[in-house]
$ cat input_6.tsv   # TSV, C-alpha atoms and all ligand atoms
chain	number	residue	atom	x	y	z
A	1	MET	CA	88.85	109.57	134.32
A	2	THR	CA	85.58	110.70	135.86
A	3	VAL	CA	84.06	113.62	134.03
A	4	ASN	CA	81.41	116.05	135.10
A	5	ALA	CA	78.88	117.55	132.75
A	6	GLU	CA	80.38	121.04	132.81
A	7	ALA	CA	83.82	119.76	131.79
A	8	ILE	CA	82.55	118.22	128.56
A	9	ARG	CA	80.50	121.22	127.47
A	10	SER	CA	81.59	122.54	124.07
A	11	GLU	CA	83.98	125.45	124.41
A	12	ASN	CA	82.30	127.52	121.70
A	13	ASP	CA	78.89	126.94	123.28
A	14	LYS	CA	80.30	128.41	126.50
A	15	LYS	CA	82.00	131.36	124.83
A	16	LEU	CA	79.16	132.26	122.49
A	17	SER	CA	76.44	131.97	125.12
A	18	GLU	CA	78.43	134.19	127.48
A	19	ALA	CA	78.64	136.84	124.77
A	20	LEU	CA	74.97	136.44	123.86
A	21	LEU	CA	73.82	136.78	127.47
A	22	ASN	CA	75.55	140.16	127.53
A	23	ASP	CA	73.95	141.36	124.32
A	24	PRO	CA	71.55	144.28	124.94
A	25	LEU	CA	68.73	142.79	122.85
A	26	VAL	CA	69.07	139.36	124.50
A	27	LYS	CA	68.99	141.03	127.91
A	28	LYS	CA	65.93	143.05	126.98
A	29	VAL	CA	64.02	139.98	125.75
A	30	ASN	CA	64.96	138.06	128.89
A	31	GLU	CA	63.58	140.90	131.02
A	32	GLN	CA	60.33	140.81	129.05
A	33	ILE	CA	60.05	137.05	129.53
A	34	ALA	CA	60.72	137.33	133.26
A	35	LYS	CA	58.03	139.99	133.56
A	36	ALA	CA	55.49	137.92	131.64
A	37	GLU	CA	56.24	134.90	133.82
A	38	GLU	CA	55.78	136.94	136.95
A	39	GLU	CA	52.37	138.13	135.79
A	40	ASN	CA	51.30	134.74	134.58
A	41	PRO	CA	53.25	131.96	136.28
A	42	TYR	CA	53.22	128.22	135.60
A	43	THR	CA	51.48	128.41	132.24
A	44	LEU	CA	53.74	125.77	130.71
A	45	ARG	CA	52.92	122.99	133.16
A	46	ARG	CA	49.25	123.81	132.92
A	47	ARG	CA	49.46	123.53	129.12
A	48	LEU	CA	51.42	120.27	129.23
A	49	LEU	CA	48.97	118.72	131.69
A	50	SER	CA	46.09	119.53	129.38
A	51	THR	CA	47.69	118.54	126.06
A	52	SER	CA	50.15	115.71	126.71
A	53	VAL	CA	50.17	112.53	128.74
A	54	ARG	CA	52.27	112.49	131.88
A	55	LEU	CA	54.17	109.25	132.16
A	56	SER	CA	54.14	108.23	135.82
A	57	PRO	CA	56.86	105.94	137.23
A	58	ARG	CA	54.19	103.23	137.39
A	59	MET	CA	53.40	103.56	133.67
A	60	ALA	CA	56.98	103.90	132.46
A	61	PRO	CA	59.29	102.38	135.08
A	62	GLY	CA	62.10	101.72	132.57
A	63	LEU	CA	62.09	105.26	131.23
A	64	HIS	CA	62.04	106.72	134.75
A	65	LYS	CA	64.92	104.54	135.87
A	66	MET	CA	66.93	105.53	132.81
A	67	ALA	CA	66.15	109.22	133.35
A	68	ALA	CA	67.20	108.94	137.01
A	69	GLU	CA	70.53	107.44	135.93
A	70	CYS	CA	71.07	110.28	133.45
A	71	VAL	CA	70.19	112.83	136.15
A	72	GLU	CA	72.85	111.31	138.35
A	73	LYS	CA	75.47	111.16	135.59
A	74	LEU	CA	74.92	114.83	134.83
A	75	ALA	CA	74.75	115.76	138.54
A	76	LEU	CA	71.37	117.49	138.25
A	77	ASP	CA	69.08	118.07	141.19
A	78	THR	CA	65.81	119.13	139.57
A	79	PRO	CA	62.94	116.61	139.80
A	80	LEU	CA	61.67	115.47	136.41
A	81	GLU	CA	58.26	115.09	134.87
A	82	LEU	CA	58.12	112.99	131.70
A	83	TYR	CA	55.43	113.45	129.05
A	84	ALA	CA	54.43	111.77	125.80
A	85	PHE	CA	52.63	113.43	122.91
A	86	PRO	CA	51.23	111.76	119.81
A	87	SER	CA	53.48	112.27	116.78
A	88	PRO	CA	54.80	110.12	113.96
A	89	GLN	CA	57.91	112.30	113.85
A	90	TYR	CA	60.76	111.27	116.14
A	91	ASN	CA	61.22	114.18	118.47
A	92	ALA	CA	61.92	115.06	122.09
A	93	MET	CA	62.26	118.33	123.96
A	94	CYS	CA	63.01	119.80	127.31
A	95	PHE	CA	61.58	123.00	128.77
A	96	LYS	CA	62.82	125.56	131.20
A	97	PRO	CA	61.83	124.36	134.72
A	98	GLU	CA	58.74	125.71	136.40
A	99	GLU	CA	58.04	125.38	140.13
A	100	GLY	CA	61.37	123.58	140.42
A	101	ARG	CA	60.26	120.81	138.06
A	102	LEU	CA	61.90	119.95	134.77
A	103	PHE	CA	59.72	118.74	131.90
A	104	VAL	CA	60.92	116.34	129.24
A	105	MET	CA	58.60	115.50	126.36
A	106	PHE	CA	58.79	112.57	123.97
A	107	ALA	CA	57.00	111.89	120.69
A	108	SER	CA	55.08	108.62	120.94
A	109	SER	CA	56.91	107.25	117.87
A	110	LEU	CA	60.27	107.86	119.49
A	111	LEU	CA	59.37	106.02	122.69
A	112	GLU	CA	58.22	103.05	120.65
A	113	GLY	CA	60.86	103.10	117.90
A	114	PHE	CA	64.04	103.63	119.93
A	115	ASP	CA	65.81	100.90	121.88
A	116	GLU	CA	67.22	101.44	125.36
A	117	GLY	CA	70.67	102.72	124.34
A	118	GLU	CA	69.18	105.10	121.79
A	119	LEU	CA	66.65	106.43	124.29
A	120	ARG	CA	69.36	106.94	126.86
A	121	PHE	CA	71.15	109.23	124.41
A	122	VAL	CA	67.95	111.18	123.73
A	123	VAL	CA	67.23	111.62	127.46
A	124	GLY	CA	70.83	112.64	128.17
A	125	HIS	CA	70.75	115.10	125.26
A	126	GLU	CA	67.56	116.78	126.52
A	127	LEU	CA	68.85	116.94	130.09
A	128	GLY	CA	72.09	118.37	128.71
A	129	HIS	CA	70.18	121.41	127.42
A	130	HIS	CA	69.02	121.99	130.98
A	131	ALA	CA	72.42	121.27	132.57
A	132	TYR	CA	74.04	123.86	130.29
A	133	ARG	CA	71.25	126.42	130.85
A	134	HIS	CA	70.64	126.69	127.13
A	135	HIS	CA	67.15	128.01	127.84
A	136	ASP	CA	68.72	131.20	129.19
A	137	VAL	CA	69.29	132.32	125.62
A	138	PRO	CA	65.72	132.71	124.31
A	139	ILE	CA	66.59	132.15	120.67
A	140	GLY	CA	62.99	131.45	119.60
A	141	TYR	CA	61.61	134.63	121.17
A	142	ILE	CA	64.34	136.74	119.63
A	143	LEU	CA	64.10	135.34	116.13
A	144	ARG	CA	60.31	135.44	116.11
A	145	GLY	CA	59.95	138.63	118.13
A	146	ASN	CA	58.99	142.16	117.13
A	147	THR	CA	62.47	143.61	117.48
A	148	ARG	CA	64.40	142.09	114.61
A	149	PRO	CA	67.95	141.20	115.58
A	150	ASP	CA	70.61	142.66	113.33
A	151	PRO	CA	72.16	140.11	110.95
A	152	ARG	CA	75.28	139.75	113.04
A	153	LEU	CA	73.26	138.87	116.16
A	154	ALA	CA	71.05	136.51	114.17
A	155	LEU	CA	74.10	134.74	112.79
A	156	SER	CA	75.68	134.35	116.22
A	157	LEU	CA	72.42	132.98	117.60
A	158	PHE	CA	72.35	130.29	114.92
A	159	THR	CA	76.04	129.50	115.32
A	160	TRP	CA	75.67	129.29	119.09
A	161	SER	CA	72.61	127.09	118.75
A	162	ARG	CA	74.57	124.56	116.69
A	163	TYR	CA	77.32	124.42	119.30
A	164	ALA	CA	74.67	124.10	122.02
A	165	GLU	CA	73.47	120.96	120.23
A	166	ILE	CA	77.05	119.68	120.22
A	167	SER	CA	77.17	120.14	124.02
A	168	ALA	CA	73.83	118.40	124.49
A	169	ASP	CA	75.00	115.55	122.24
A	170	ARG	CA	78.06	115.12	124.45
A	171	ALA	CA	75.87	114.99	127.53
A	172	GLY	CA	73.76	112.34	125.76
A	173	ALA	CA	76.82	110.35	124.69
A	174	HIS	CA	78.17	110.61	128.23
A	175	CYS	CA	74.91	109.09	129.54
A	176	ALA	CA	74.58	106.41	126.85
A	177	HIS	CA	78.26	105.49	126.84
A	178	ASP	CA	77.90	103.56	123.59
A	179	LEU	CA	78.84	105.28	120.33
A	180	GLU	CA	77.02	102.75	118.16
A	181	SER	CA	73.66	103.37	119.90
A	182	VAL	CA	74.24	107.09	119.88
A	183	SER	CA	74.98	107.17	116.16
A	184	ARG	CA	72.00	104.97	115.41
A	185	ALA	CA	69.79	107.33	117.42
A	186	LEU	CA	71.03	110.31	115.38
A	187	PHE	CA	70.55	108.36	112.17
A	188	LYS	CA	66.98	107.52	113.13
A	189	LEU	CA	66.25	111.13	114.11
A	190	ALA	CA	67.65	112.40	110.80
A	191	SER	CA	66.10	109.81	108.52
A	192	GLY	CA	62.86	108.97	110.29
A	193	LEU	CA	63.70	105.31	109.67
A	194	SER	CA	63.03	102.82	112.44
A	195	GLY	CA	65.68	100.30	111.40
A	196	GLY	CA	63.20	97.68	110.22
A	197	THR	CA	64.05	97.67	106.52
A	198	ILE	CA	67.21	99.77	106.39
A	199	GLU	CA	70.38	98.65	108.07
A	200	PHE	CA	72.40	101.43	109.66
A	201	ASN	CA	76.10	101.63	108.87
A	202	LEU	CA	78.21	104.09	110.86
A	203	GLN	CA	81.06	104.37	108.38
A	204	ASP	CA	78.78	105.00	105.42
A	205	PHE	CA	76.89	107.61	107.41
A	206	LEU	CA	80.15	109.40	108.18
A	207	ASP	CA	81.27	109.27	104.55
A	208	GLN	CA	78.55	111.80	103.84
A	209	VAL	CA	80.55	114.39	105.81
A	210	ASP	CA	83.69	113.73	103.77
A	211	ASP	CA	81.71	114.42	100.62
A	212	MET	CA	80.48	117.68	102.13
A	213	GLN	CA	84.05	118.64	102.99
A	214	VAL	CA	85.20	118.04	99.44
A	215	LEU	CA	82.43	120.27	98.09
A	216	ASP	CA	83.07	123.07	100.60
A	217	HIS	CA	86.80	123.32	100.02
A	218	LYS	CA	86.48	124.99	96.66
A	219	PRO	CA	88.22	128.34	96.99
A	220	GLY	CA	85.95	131.27	97.64
A	221	GLU	CA	82.94	129.27	98.62
A	222	GLY	CA	81.79	129.12	102.20
A	223	ALA	CA	78.95	126.92	103.32
A	224	PRO	CA	75.68	127.49	101.45
A	225	LYS	CA	73.60	130.25	103.03
A	226	GLU	CA	70.79	128.03	104.21
A	227	ASP	CA	73.29	126.22	106.43
A	228	TRP	CA	74.19	129.42	108.30
A	229	PHE	CA	70.60	129.79	109.44
A	230	SER	CA	70.14	126.30	110.70
A	231	THR	CA	69.76	125.82	114.46
A	232	HIS	CA	70.97	122.22	114.34
A	233	PRO	CA	74.16	120.85	112.92
A	234	PHE	CA	73.55	118.41	110.11
A	235	SER	CA	73.28	114.91	111.64
A	236	PRO	CA	76.33	113.25	110.11
A	237	LEU	CA	78.34	116.22	111.39
A	238	ARG	CA	76.95	115.61	114.86
A	239	VAL	CA	77.99	111.98	114.67
A	240	LYS	CA	81.44	112.94	113.46
A	241	ALA	CA	81.74	115.44	116.33
A	242	LEU	CA	80.79	112.61	118.69
A	243	VAL	CA	83.39	110.31	117.16
A	244	LEU	CA	85.96	113.01	117.99
A	245	PHE	CA	84.52	113.25	121.50
A	246	ASN	CA	84.81	109.49	121.83
A	247	GLU	CA	88.48	109.66	120.84
A	248	SER	CA	89.19	112.40	123.40
A	249	GLU	CA	90.42	112.20	126.95
A	250	PHE	CA	86.82	112.59	128.14
A	251	ALA	CA	85.93	109.15	126.83
A	252	GLY	CA	89.22	107.43	127.58
A	253	GLY	CA	90.81	108.33	124.23
A	254	LYS	CA	94.12	110.02	123.45
A	255	ALA	CA	93.12	113.42	122.04
A	256	SER	CA	93.38	116.40	124.41
A	257	GLN	CA	90.49	118.76	125.01
A	258	ALA	CA	92.15	121.38	122.77
A	259	GLU	CA	92.49	118.87	119.94
A	260	LEU	CA	88.88	117.85	120.37
A	261	GLU	CA	87.61	121.44	120.23
A	262	SER	CA	89.69	122.40	117.23
A	263	GLY	CA	88.52	119.28	115.36
A	264	VAL	CA	84.91	120.14	116.14
A	265	ARG	CA	85.38	123.75	115.07
A	266	GLU	CA	86.75	122.59	111.74
A	267	LEU	CA	83.71	120.38	111.22
A	268	MET	CA	81.26	123.08	112.22
A	269	GLY	CA	83.01	125.47	109.85
A	270	LEU	CA	81.21	123.49	107.14
A	271	MET	CA	78.01	125.22	108.20
A	272	GLU	CA	79.40	128.68	108.78
A	273	PRO	CA	79.59	131.69	106.43
A	274	SER	CA	83.11	132.40	105.28
A	275	TYR	CA	86.21	132.85	107.35
A	276	LEU	CA	85.18	136.45	107.99
A	277	GLU	CA	82.54	135.17	110.37
A	278	GLY	CA	83.62	131.61	111.00
A	279	ARG	CA	84.51	130.42	114.47
A	280	THR	CA	87.22	127.95	113.62
A	281	ASN	CA	90.85	128.47	114.61
A	282	ALA	CA	91.65	128.54	110.93
A	283	ALA	CA	89.05	131.26	110.31
A	284	GLU	CA	90.46	133.35	113.14
A	285	ALA	CA	94.02	133.01	111.85
A	286	MET	CA	92.82	133.88	108.34
A	287	ARG	CA	91.04	137.01	109.58
A	288	ARG	CA	94.12	138.17	111.45
A	289	LEU	CA	96.25	137.75	108.37
A	290	LEU	CA	93.76	139.41	106.05
A	291	PHE	CA	93.50	142.35	108.43
A	292	ALA	CA	97.25	142.96	108.68
A	293	ALA	CA	97.87	142.37	105.00
A	294	ALA	CA	94.96	144.60	103.99
A	295	VAL	CA	96.32	147.44	106.12
A	296	LEU	CA	99.73	147.00	104.50
A	297	VAL	CA	98.33	146.83	100.97
A	298	ALA	CA	96.14	149.87	101.53
A	299	ASN	CA	99.05	151.85	102.92
A	300	ALA	CA	101.62	150.53	100.45
A	301	ASP	CA	101.52	153.68	98.36
A	302	GLY	CA	101.37	156.27	101.13
A	303	GLU	CA	97.84	156.67	102.44
A	304	MET	CA	94.71	154.62	102.47
A	305	SER	CA	92.44	155.96	99.74
A	306	GLU	CA	88.73	156.42	100.14
A	307	GLN	CA	88.04	153.44	97.88
A	308	GLU	CA	90.45	151.28	99.85
A	309	ALA	CA	88.83	152.32	103.11
A	310	GLU	CA	85.44	151.41	101.71
A	311	ILE	CA	86.53	147.88	100.75
A	312	PHE	CA	88.31	147.50	104.07
A	313	GLU	CA	85.11	148.34	105.94
A	314	ARG	CA	83.16	145.85	103.87
A	315	PHE	CA	85.46	143.20	105.28
A	316	PHE	CA	85.83	144.39	108.85
A	317	GLY	CA	82.74	146.46	109.51
A	318	PRO	CA	81.99	150.19	109.66
A	319	GLY	CA	84.51	152.17	111.67
A	320	ALA	CA	87.24	149.56	111.24
A	321	VAL	CA	89.57	152.02	109.55
A	322	GLN	CA	91.84	153.80	112.00
A	323	GLU	CA	93.89	156.97	111.65
A	324	ASP	CA	96.85	155.91	113.71
A	325	TRP	CA	97.76	152.38	112.71
A	326	ASN	CA	101.22	151.35	113.77
A	327	ILE	CA	102.31	150.17	110.34
A	328	GLU	CA	105.72	148.99	111.55
A	329	ALA	CA	104.20	146.80	114.25
A	330	ILE	CA	101.69	145.34	111.79
A	331	GLU	CA	104.50	144.74	109.31
A	332	ALA	CA	106.54	142.97	111.99
A	333	SER	CA	103.63	140.70	112.90
A	334	LEU	CA	103.03	139.53	109.33
A	335	ASP	CA	105.42	136.54	109.38
A	336	ASP	CA	103.84	135.21	112.55
A	337	ARG	CA	100.34	135.61	111.10
A	338	MET	CA	101.37	133.83	107.91
A	339	GLU	CA	102.86	130.99	109.89
A	340	GLN	CA	99.57	130.49	111.78
A	341	VAL	CA	97.60	130.42	108.54
A	342	SER	CA	100.05	127.97	106.96
A	343	LYS	CA	99.57	125.72	109.95
A	344	LEU	CA	95.79	125.94	110.29
A	345	ALA	CA	94.26	126.69	106.91
A	346	THR	CA	94.03	124.59	103.76
A	347	GLU	CA	95.68	125.75	100.56
A	348	ALA	CA	92.28	126.63	99.13
A	349	GLN	CA	91.64	128.85	102.16
A	350	GLN	CA	95.02	130.53	101.77
A	351	ILE	CA	94.23	131.34	98.16
A	352	GLN	CA	90.93	132.78	99.38
A	353	ILE	CA	92.83	135.32	101.51
A	354	LEU	CA	94.92	136.37	98.54
A	355	ARG	CA	91.80	136.69	96.45
A	356	ASP	CA	90.15	138.93	99.06
A	357	LEU	CA	93.32	140.98	99.37
A	358	CYS	CA	93.35	141.58	95.64
A	359	LEU	CA	90.07	143.44	96.11
A	360	VAL	CA	91.81	145.93	98.36
A	361	ALA	CA	94.77	146.20	96.01
A	362	ARG	CA	92.49	146.90	93.05
A	363	ALA	CA	90.23	149.32	94.90
A	364	GLU	CA	91.17	152.19	92.60
A	365	GLY	CA	90.81	150.03	89.53
A	366	HIS	CA	94.52	149.21	89.18
A	367	THR	CA	97.37	147.91	91.33
A	368	THR	CA	100.71	149.58	92.03
A	369	PRO	CA	104.10	147.80	92.19
A	370	GLU	CA	104.15	148.45	95.96
A	371	GLU	CA	100.79	146.75	96.42
A	372	ARG	CA	101.85	143.80	94.28
A	373	ALA	CA	105.02	143.49	96.38
A	374	VAL	CA	102.91	142.97	99.52
A	375	LEU	CA	100.74	140.40	97.74
A	376	LYS	CA	103.81	138.52	96.56
A	377	ARG	CA	105.38	138.57	99.99
A	378	LEU	CA	102.21	136.94	101.25
A	379	ALA	CA	102.10	134.34	98.48
A	380	ARG	CA	105.71	133.41	99.15
A	381	GLY	CA	105.22	133.34	102.91
A	382	LEU	CA	102.33	130.92	102.48
A	383	GLY	CA	104.30	128.81	100.05
A	384	LEU	CA	101.92	129.49	97.17
A	385	GLY	CA	104.33	130.98	94.62
A	386	ASP	CA	104.21	134.33	92.77
A	387	SER	CA	102.11	133.06	89.90
A	388	VAL	CA	99.08	132.77	92.18
A	389	VAL	CA	99.14	136.56	92.63
A	390	GLU	CA	99.19	137.28	88.90
A	391	GLN	CA	96.46	134.73	88.32
A	392	THR	CA	94.27	136.10	91.05
A	393	LEU	CA	94.78	139.69	89.99
A	394	SER	CA	93.84	138.96	86.43
A	395	ALA	CA	90.79	136.93	87.37
A	396	SER	CA	87.60	138.85	87.93
A	397	VAL	CA	86.91	139.02	91.63
A	398	GLU	CA	83.71	139.73	93.40
A	399	LEU	CA	83.15	140.17	97.09
A	400	ASP	CA	81.07	137.29	98.46
B	501	ZN	ZN	68.85	119.51	121.19
$ encode --input "input_6.tsv" --output "C-alpha cells" --more "lines below"
Ligand SMILES: [Zn+2]
Amino acid sequence: MTVNAEAIRSENDKKLSEALLNDPLVKKVNEQIAKAEEENPYTLRRRLLSTSVRLSPRMAPGLHKMAAECVEKLALDTPLELYAFPSPQYNAMCFKPEEGRLFVMFASSLLEGFDEGELRFVVGHELGHHAYRHHDVPIGYILRGNTRPDPRLALSLFTWSRYAEISADRAGAHCAHDLESVSRALFKLASGLSGGTIEFNLQDFLDQVDDMQVLDHKPGEGAPKEDWFSTHPFSPLRVKALVLFNESEFAGGKASQAELESGVRELMGLMEPSYLEGRTNAAEAMRRLLFAAAVLVANADGEMSEQEAEIFERFFGPGAVQEDWNIEAIEASLDDRMEQVSKLATEAQQIQILRDLCLVARAEGHTTPEERAVLKRLARGLGLGDSVVEQTLSASVELD
C-alpha cells in the first residue's frame, strides 16, 4: 500500500491542533506573530546565515540526496536549506519557511555520530513537522509569552505537542523504512551515546516502557506531574509507538488505523494527568461513566445538594451542574457506559471511578442507602463485587 504523509499523521495531533488553532489566545498570538513578521521580514534566515554554517550540495552531497528523497516521500514542494551548528548535544530542528525556503538545522555531533539510516529518520522527522504544519501552533510563544495561558490550555498544548512528535516520528519512520535504525536513532538522541561502547538492544529499550506501565497502573495515580508538562514523549514510548506503527496497515502490518491509534493513545496516557483530562479511549469512556454515575448518585436522594454540586464541579468544571438533567435518560445509558469501561479500562482504572464517585456520595459527610445502591450497581456492572464499594467508602479518599 502506498501511503501519503497526511494519511499517517497521528489522529490526536490532527484533532488537538484543530482545536488549538481555534482557541482565542492561540489566534491572538498568531496575529501578533504575523504582524511582527510583516514589520520585520526574513529575520530568521538572516540570523541563520550569520550564526550557522549552510551546507551546500557540494559540501554535503549525501545529506542533500537523502533530504531530497525524504522531500519526495512526504510530497513536499518547498526548497530546503540545510545548516550545521556546533554542539556536542545530538539535536536537529526545522523552522517555519521564510521566502518559500525551509530551513533544517543539525548539530555537528549528530551529523558525525549518526549513520545513514539514523539520519534519514531525523531528516524525515524534521520535515514531518513542516508537512503537518506544526509551526502553526506557536507553543513556545504562548508558553513564554506575557499572556499566561490558563492551565487547561497549557495542558492541551503539551499534550498536543507530544502527539505532534508522534506524527513527526511516523514521517521519519516512513522515510527511513527501517525500524532498527529508527529505534537506534531515538536511543542515541535520548542517551547521548554514539554506540561506540554501548550496544543498543531494542527489546531491552522497550522493556523500560513495560516497567513504567506497571508503576502507573496503581489505582488513583495518574502520570507524575512533570510528565504532563513535557513537550516530548519519553523516548522508549516513542519507539513503542513506532513499533505499533510498524505493525499497522501503513507499514504492511495487520493492525487497522483505529487499532494503531487506540494503542498509541493508551501508551501516551502514561504521560497524561488522570482520566479526567486524558485523551485515551479508556479515559473518555471513564469520564462518561463517572459523569452519569455522579449525576445519579447526587440525585439519588431527591435533589443535588450544594456540597454535591461543589464536588461535581471539581470534577467537570464550573457550570457543569445543570437544572434540567434527564435523569431517566442518564439512568438508561448507564449499562452502555459500564460496558464501554469494562471493555476499555483496566480493573485499577475501574476502581478509580468508584473511588471518585465515593467523593460525591460522601459530600455531606455520610452516605445514604440510595447512594450506596447506585455505587453497588456500578460495582456489579463492572464485575468488581460489592465489597469494593464498602472498602472504598471506608477508606479515606482525597481528590487528586
Ligand atoms: Zn520533533
$ residues_near_ligand --input "input_6.tsv" --ligand "ligand ZN 501 (chain B)" --cutoff "8 Å" --atoms "only C-alpha atoms and all ligand atoms" --output "short mmCIF file (atom, residue, chain, number, x, y, z; two decimals) with C-alpha atoms, in the frame of the given file"
data_model
loop_
_atom_site.label_atom_id
_atom_site.label_comp_id
_atom_site.auth_asym_id
_atom_site.auth_seq_id
_atom_site.Cartn_x
_atom_site.Cartn_y
_atom_site.Cartn_z
CA MET A 93 62.26 118.33 123.96
CA HIS A 125 70.75 115.10 125.26
CA GLU A 126 67.56 116.78 126.52
CA HIS A 129 70.18 121.41 127.42
CA ALA A 164 74.67 124.10 122.02
CA GLU A 165 73.47 120.96 120.23
CA ALA A 168 73.83 118.40 124.49
CA ASP A 169 75.00 115.55 122.24
CA HIS A 232 70.97 122.22 114.34
#
$ residues_around --input "input_6.tsv" --residues "A:Gly253" --least-positions-apart "6" --cutoff "12 Å" --atoms "only C-alpha atoms" --output "list in words"
Met1, Val243, Leu244, Phe245, Asn246, Glu247, Glu259 and Leu260 of chain A
$ residues_around --input "input_6.tsv" --residues "stretch 300-316 of chain A" --least-positions-apart "6" --cutoff "7 Å" --atoms "all atoms listed in the file" --output "ChimeraX atom specification"
/A:360,363-364,370-371
$ residues_around --input "input_6.tsv" --residues "A:Leu276" --least-positions-apart "4" --cutoff "10 Å" --atoms "all atoms listed in the file" --output "VMD selection string"
chain A and resid 222 272 283 to 284 286 to 288 290 315 to 316
$ closest_atom_pairs --input "input_6.tsv" --of "stretch 140-179 of chain A" --to "stretch 44-68 of chain A" --cutoff "12 Å" --atoms "all atoms listed in the file" --output "JSON lines"
{"residue": "A:Gly172", "atom": "CA", "partner": "A:Ala67", "partner_atom": "CA", "distance": 11.2}
{"residue": "A:Cys175", "atom": "CA", "partner": "A:Met66", "partner_atom": "CA", "distance": 9.3}
{"residue": "A:Ala176", "atom": "CA", "partner": "A:Met66", "partner_atom": "CA", "distance": 9.7}
$ closest_residue --input "input_6.tsv" --among "A:Leu344, A:Pro79, A:Leu110, A:Ser235" --to "A:Glu98" --atoms "all atoms listed in the file"
A:Pro79
$ closest_atom_pairs --input "input_6.tsv" --of "stretch 119-144 of chain A" --to "stretch 11-20 of chain A" --cutoff "12 Å" --atoms "only C-alpha atoms" --output "JSON lines"
{"residue": "A:His129", "atom": "CA", "partner": "A:Asp13", "partner_atom": "CA", "distance": 11.1}
{"residue": "A:Tyr132", "atom": "CA", "partner": "A:Lys14", "partner_atom": "CA", "distance": 8.6}
{"residue": "A:Arg133", "atom": "CA", "partner": "A:Ser17", "partner_atom": "CA", "distance": 9.5}
{"residue": "A:His134", "atom": "CA", "partner": "A:Ser17", "partner_atom": "CA", "distance": 8.1}
{"residue": "A:His135", "atom": "CA", "partner": "A:Ser17", "partner_atom": "CA", "distance": 10.5}
{"residue": "A:Asp136", "atom": "CA", "partner": "A:Ser17", "partner_atom": "CA", "distance": 8.8}
{"residue": "A:Val137", "atom": "CA", "partner": "A:Ser17", "partner_atom": "CA", "distance": 7.2}
{"residue": "A:Pro138", "atom": "CA", "partner": "A:Leu20", "partner_atom": "CA", "distance": 10.0}
{"residue": "A:Ile139", "atom": "CA", "partner": "A:Leu20", "partner_atom": "CA", "distance": 9.9}
{"residue": "A:Ile142", "atom": "CA", "partner": "A:Leu20", "partner_atom": "CA", "distance": 11.4}
$ closest_residue --input "input_6.tsv" --among "A:Phe200, A:Tyr141, A:Phe187, A:Phe85" --to "A:Lys240" --atoms "only C-alpha atoms"
A:Phe187
$ atom_distance --input "input_6.tsv" --atom1 "atom CA of A:Leu111" --atom2 "atom CA of A:Glu6"
27.7 Å
$ atom_distance --input "input_6.tsv" --atom1 "atom CA of A:Phe291" --atom2 "atom CA of A:Arg377"
15.1 Å
$ closest_residue --input "input_6.tsv" --among "A:Ser194, A:Asn299, A:Gln340, A:Thr392" --to "A:Gln322" --atoms "all atoms listed in the file"
A:Asn299
$ atom_distance --input "input_6.tsv" --atom1 "atom CA of A:Gln89" --atom2 "atom CA of A:Leu189"
8.4 Å
$ build_atoms --input "input_6.tsv" --residues "stretch 317-329 of chain A" --atoms "N, CA and C atoms" --output "PDB file, in the frame of the given file"
ATOM      1  N   GLY A 317      83.819 145.734 108.853  1.00  0.00           N
ATOM      2  CA  GLY A 317      82.740 146.460 109.510  1.00  0.00           C
ATOM      3  C   GLY A 317      82.972 147.955 109.525  1.00  0.00           C
ATOM      4  N   PRO A 318      81.874 148.738 109.650  1.00  0.00           N
ATOM      5  CA  PRO A 318      81.990 150.190 109.660  1.00  0.00           C
ATOM      6  C   PRO A 318      82.857 150.643 110.832  1.00  0.00           C
ATOM      7  N   GLY A 319      83.668 151.635 110.589  1.00  0.00           N
ATOM      8  CA  GLY A 319      84.510 152.170 111.670  1.00  0.00           C
ATOM      9  C   GLY A 319      85.794 151.388 111.884  1.00  0.00           C
ATOM     10  N   ALA A 320      86.043 150.382 111.025  1.00  0.00           N
ATOM     11  CA  ALA A 320      87.240 149.560 111.240  1.00  0.00           C
ATOM     12  C   ALA A 320      88.522 150.280 110.847  1.00  0.00           C
ATOM     13  N   VAL A 321      88.377 151.288 110.000  1.00  0.00           N
ATOM     14  CA  VAL A 321      89.570 152.020 109.550  1.00  0.00           C
ATOM     15  C   VAL A 321      90.031 152.970 110.647  1.00  0.00           C
ATOM     16  N   GLN A 322      91.318 152.910 110.967  1.00  0.00           N
ATOM     17  CA  GLN A 322      91.840 153.800 112.000  1.00  0.00           C
ATOM     18  C   GLN A 322      92.831 154.775 111.415  1.00  0.00           C
ATOM     19  N   GLU A 323      92.975 155.937 112.106  1.00  0.00           N
ATOM     20  CA  GLU A 323      93.890 156.970 111.650  1.00  0.00           C
ATOM     21  C   GLU A 323      95.333 156.618 111.996  1.00  0.00           C
ATOM     22  N   ASP A 324      95.495 156.015 113.153  1.00  0.00           N
ATOM     23  CA  ASP A 324      96.850 155.910 113.710  1.00  0.00           C
ATOM     24  C   ASP A 324      97.337 154.465 113.796  1.00  0.00           C
ATOM     25  N   TRP A 325      97.240 153.738 112.703  1.00  0.00           N
ATOM     26  CA  TRP A 325      97.760 152.380 112.710  1.00  0.00           C
ATOM     27  C   TRP A 325      99.269 152.406 112.860  1.00  0.00           C
ATOM     28  N   ASN A 326      99.781 151.471 113.638  1.00  0.00           N
ATOM     29  CA  ASN A 326     101.220 151.350 113.770  1.00  0.00           C
ATOM     30  C   ASN A 326     101.705 150.390 112.674  1.00  0.00           C
ATOM     31  N   ILE A 327     101.989 150.986 111.513  1.00  0.00           N
ATOM     32  CA  ILE A 327     102.310 150.170 110.340  1.00  0.00           C
ATOM     33  C   ILE A 327     103.516 149.268 110.589  1.00  0.00           C
ATOM     34  N   GLU A 328     104.526 149.818 111.302  1.00  0.00           N
ATOM     35  CA  GLU A 328     105.720 148.990 111.550  1.00  0.00           C
ATOM     36  C   GLU A 328     105.389 147.753 112.373  1.00  0.00           C
ATOM     37  N   ALA A 329     104.561 147.945 113.393  1.00  0.00           N
ATOM     38  CA  ALA A 329     104.200 146.800 114.250  1.00  0.00           C
ATOM     39  C   ALA A 329     103.400 145.764 113.445  1.00  0.00           C
TER      40      ALA A 329
END
